[in-house]
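Remarks on the structure that follows.
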Amino acid sequence: MSLWMAAMWGLVGSAVAEALNLSGMMRPTSESGGRWQWPWRDRRDAPIVVFAVLLRTVAGTGLAAAAGAGGLATTAFASFTFGVAAPLVIAKMFDQVRVTERPADSGRDGTSGEHDDAA
């Protein structure tokens with residue numbers, strides 16, 4: 001499968017996942033009086049929600065393309081699955097990153113952090 005086909009199947013998979021997520025957020029609740037509602041409380045929040053959806057679909061497309069280029073996703077279903085699972089896969093990859101403690105900052109005790117050895 002070509003890189004572009006893997007990317008397109010990843011885009012379809014991530015779009016399906018986002019559509020299901022949005023429909024779940026828009027479902028009628030007792031709070032909305034049984035009416036369907038947009039997933040934001042204020043219209044000013046709409047661009048943020050749209051940006052987050054676009055960001056996740058681009059991540060799904062990129063992950064599927066990378067998997068296709070690396071030979072990991074060789075079928076349309078595999079690329080589609082990478083698109084659907086992209087947010088989870090990327091989150092789990094970042095969970096594996098170990099954060100080490102930063103060295104103590106010597107300049108916090110009122111000195112400039114420079115040492116004068118000429119004295």
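Chain labels follow the order of the structure tokens: the first chain is A, the next B, and so on; residue numbering restarts at 1 in every chain, and ligands are counted from 1 in their shown order.
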
Self-check item: Selection near Ala65 (chain A), 8 Å with only C-alpha atoms, sequence-local residues under 4 positions removed, as a list in words
Solution: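 My list of contacting residues is Leu3, Trp4, Ala6, Ala7, Gly10, Thr61, Ala69 and Ser79 of chain A.
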
Exercise. Compare A:Thr29, A:Thr81, A:Thr74, A:Ser23 by their minimum atom-to-atom distance to Leu11 (chain A), counting only C-alpha atoms, and give me the closest one.
Key: A:Thr81

Quiz prompt | Distance of CA of Thr57 (chain A) from CA of Ala15 (chain A), expressed in Å to one decimal place | solution = 6.0 Å

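Restricting the calculation to only C-alpha atoms, the smallest distance between Met1 (chain A) and any of A:Asn21, A:Ala76, A:Gly70, A:Gly13 is found for A:Ala76.
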
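The shell of residues at most 10 Å from region 84-91 of chain A, with only C-alpha atoms counted and near chain neighbours (fewer than 2 positions) removed, consists of Trp9, Gly10, Leu11, Val12, Gly13, Ser14, Ala15, Val16, Ala17, Glu18, Leu55, Arg56, Thr57, Val58, Ala59, Gly60, Thr61, Gly62, Leu63, Ala64, Ala78, Ser79, Phe80, Thr81, Phe82, Met93, Phe94, Asp95 and Gln96 of chain A.
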
Since we have the selection now, will you write its residues out, keeping N, CA, C and O atoms, as a JSON list (two decimals), in the first residue's frame?
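To be explicit, this is the file written out as part_36.json:
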[["chain", "number", "residue", "atom", "x", "y", "z"],
["A", 9, "TRP", "N", -6.60, 6.35, 4.52],
["A", 9, "TRP", "CA", -7.35, 5.45, 5.39],
["A", 9, "TRP", "C", -7.22, 5.88, 6.84],
["A", 9, "TRP", "O", -8.16, 5.75, 7.62],
["A", 10, "GLY", "N", -6.08, 6.42, 7.23],
["A", 10, "GLY", "CA", -5.93, 6.96, 8.57],
["A", 10, "GLY", "C", -6.81, 8.16, 8.80],
["A", 10, "GLY", "O", -7.40, 8.33, 9.87],
["A", 11, "LEU", "N", -6.94, 9.01, 7.78],
["A", 11, "LEU", "CA", -7.83, 10.17, 7.87],
["A", 11, "LEU", "C", -9.28, 9.72, 8.03],
["A", 11, "LEU", "O", -10.01, 10.25, 8.87],
["A", 12, "VAL", "N", -9.69, 8.71, 7.27],
["A", 12, "VAL", "CA", -11.06, 8.20, 7.39],
["A", 12, "VAL", "C", -11.28, 7.61, 8.79],
["A", 12, "VAL", "O", -12.30, 7.87, 9.43],
["A", 13, "GLY", "N", -10.31, 6.85, 9.27],
["A", 13, "GLY", "CA", -10.45, 6.25, 10.61],
["A", 13, "GLY", "C", -10.53, 7.29, 11.71],
["A", 13, "GLY", "O", -11.37, 7.20, 12.61],
["A", 14, "SER", "N", -9.68, 8.30, 11.64],
["A", 14, "SER", "CA", -9.71, 9.33, 12.68],
["A", 14, "SER", "C", -10.97, 10.19, 12.57],
["A", 14, "SER", "O", -11.51, 10.63, 13.58],
["A", 15, "ALA", "N", -11.47, 10.39, 11.35],
["A", 15, "ALA", "CA", -12.71, 11.15, 11.18],
["A", 15, "ALA", "C", -13.90, 10.38, 11.75],
["A", 15, "ALA", "O", -14.78, 10.97, 12.38],
["A", 16, "VAL", "N", -13.92, 9.06, 11.57],
["A", 16, "VAL", "CA", -14.98, 8.24, 12.15],
["A", 16, "VAL", "C", -14.93, 8.31, 13.67],
["A", 16, "VAL", "O", -15.96, 8.47, 14.34],
["A", 17, "ALA", "N", -13.73, 8.20, 14.23],
["A", 17, "ALA", "CA", -13.58, 8.26, 15.69],
["A", 17, "ALA", "C", -14.04, 9.61, 16.23],
["A", 17, "ALA", "O", -14.73, 9.68, 17.26],
["A", 18, "GLU", "N", -13.68, 10.68, 15.54],
["A", 18, "GLU", "CA", -14.09, 12.02, 15.98],
["A", 18, "GLU", "C", -15.59, 12.22, 15.85],
["A", 18, "GLU", "O", -16.21, 12.86, 16.68],
["A", 55, "LEU", "N", -6.88, 18.73, 15.01],
["A", 55, "LEU", "CA", -5.58, 18.28, 15.48],
["A", 55, "LEU", "C", -5.54, 16.77, 15.64],
["A", 55, "LEU", "O", -4.58, 16.10, 15.24],
["A", 56, "ARG", "N", -6.61, 16.20, 16.20],
["A", 56, "ARG", "CA", -6.67, 14.74, 16.38],
["A", 56, "ARG", "C", -6.79, 14.02, 15.04],
["A", 56, "ARG", "O", -6.21, 12.94, 14.88],
["A", 57, "THR", "N", -7.51, 14.59, 14.08],
["A", 57, "THR", "CA", -7.60, 13.93, 12.77],
["A", 57, "THR", "C", -6.26, 13.99, 12.03],
["A", 57, "THR", "O", -5.87, 13.03, 11.37],
["A", 58, "VAL", "N", -5.55, 15.09, 12.17],
["A", 58, "VAL", "CA", -4.22, 15.19, 11.56],
["A", 58, "VAL", "C", -3.27, 14.20, 12.23],
["A", 58, "VAL", "O", -2.45, 13.55, 11.57],
["A", 59, "ALA", "N", -3.38, 14.04, 13.54],
["A", 59, "ALA", "CA", -2.54, 13.06, 14.25],
["A", 59, "ALA", "C", -2.84, 11.65, 13.77],
["A", 59, "ALA", "O", -1.92, 10.84, 13.58],
["A", 60, "GLY", "N", -4.11, 11.34, 13.56],
["A", 60, "GLY", "CA", -4.48, 10.01, 13.05],
["A", 60, "GLY", "C", -3.95, 9.78, 11.66],
["A", 60, "GLY", "O", -3.47, 8.69, 11.33],
["A", 61, "THR", "N", -4.03, 10.81, 10.83],
["A", 61, "THR", "CA", -3.50, 10.70, 9.47],
["A", 61, "THR", "C", -1.99, 10.49, 9.49],
["A", 61, "THR", "O", -1.47, 9.63, 8.79],
["A", 62, "GLY", "N", -1.31, 11.27, 10.31],
["A", 62, "GLY", "CA", 0.15, 11.16, 10.39],
["A", 62, "GLY", "C", 0.61, 9.83, 10.95],
["A", 62, "GLY", "O", 1.57, 9.23, 10.45],
["A", 63, "LEU", "N", -0.09, 9.33, 11.98],
["A", 63, "LEU", "CA", 0.30, 8.05, 12.55],
["A", 63, "LEU", "C", 0.08, 6.92, 11.55],
["A", 63, "LEU", "O", 0.92, 6.02, 11.42],
["A", 64, "ALA", "N", -1.03, 6.95, 10.84],
["A", 64, "ALA", "CA", -1.29, 5.91, 9.83],
["A", 64, "ALA", "C", -0.27, 5.99, 8.70],
["A", 64, "ALA", "O", 0.19, 4.96, 8.20],
["A", 78, "ALA", "N", -5.66, -1.93, 8.55],
["A", 78, "ALA", "CA", -4.63, -1.57, 9.52],
["A", 78, "ALA", "C", -4.44, -0.05, 9.58],
["A", 78, "ALA", "O", -4.34, 0.52, 10.67],
["A", 79, "SER", "N", -4.42, 0.60, 8.43],
["A", 79, "SER", "CA", -4.29, 2.06, 8.41],
["A", 79, "SER", "C", -5.51, 2.73, 9.03],
["A", 79, "SER", "O", -5.38, 3.71, 9.77],
["A", 80, "PHE", "N", -6.70, 2.21, 8.74],
["A", 80, "PHE", "CA", -7.93, 2.72, 9.33],
["A", 80, "PHE", "C", -7.87, 2.60, 10.85],
["A", 80, "PHE", "O", -8.20, 3.54, 11.58],
["A", 81, "THR", "N", -7.39, 1.47, 11.34],
["A", 81, "THR", "CA", -7.29, 1.23, 12.78],
["A", 81, "THR", "C", -6.29, 2.18, 13.42],
["A", 81, "THR", "O", -6.53, 2.68, 14.52],
["A", 82, "PHE", "N", -5.18, 2.43, 12.77],
["A", 82, "PHE", "CA", -4.22, 3.41, 13.30],
["A", 82, "PHE", "C", -4.85, 4.79, 13.39],
["A", 82, "PHE", "O", -4.60, 5.54, 14.32],
["A", 93, "MET", "N", 2.52, 6.34, 23.93],
["A", 93, "MET", "CA", 3.93, 6.56, 23.59],
["A", 93, "MET", "C", 4.55, 7.61, 24.51],
["A", 93, "MET", "O", 5.66, 7.44, 24.99],
["A", 94, "PHE", "N", 3.81, 8.69, 24.78],
["A", 94, "PHE", "CA", 4.34, 9.73, 25.65],
["A", 94, "PHE", "C", 4.37, 9.28, 27.11],
["A", 94, "PHE", "O", 5.15, 9.82, 27.90],
["A", 95, "ASP", "N", 3.55, 8.31, 27.49],
["A", 95, "ASP", "CA", 3.62, 7.77, 28.85],
["A", 95, "ASP", "C", 4.94, 7.04, 29.09],
["A", 95, "ASP", "O", 5.38, 6.90, 30.23],
["A", 96, "GLN", "N", 5.57, 6.57, 28.03],
["A", 96, "GLN", "CA", 6.82, 5.84, 28.14],
["A", 96, "GLN", "C", 8.02, 6.75, 28.32],
["A", 96, "GLN", "O", 9.11, 6.30, 28.66]]
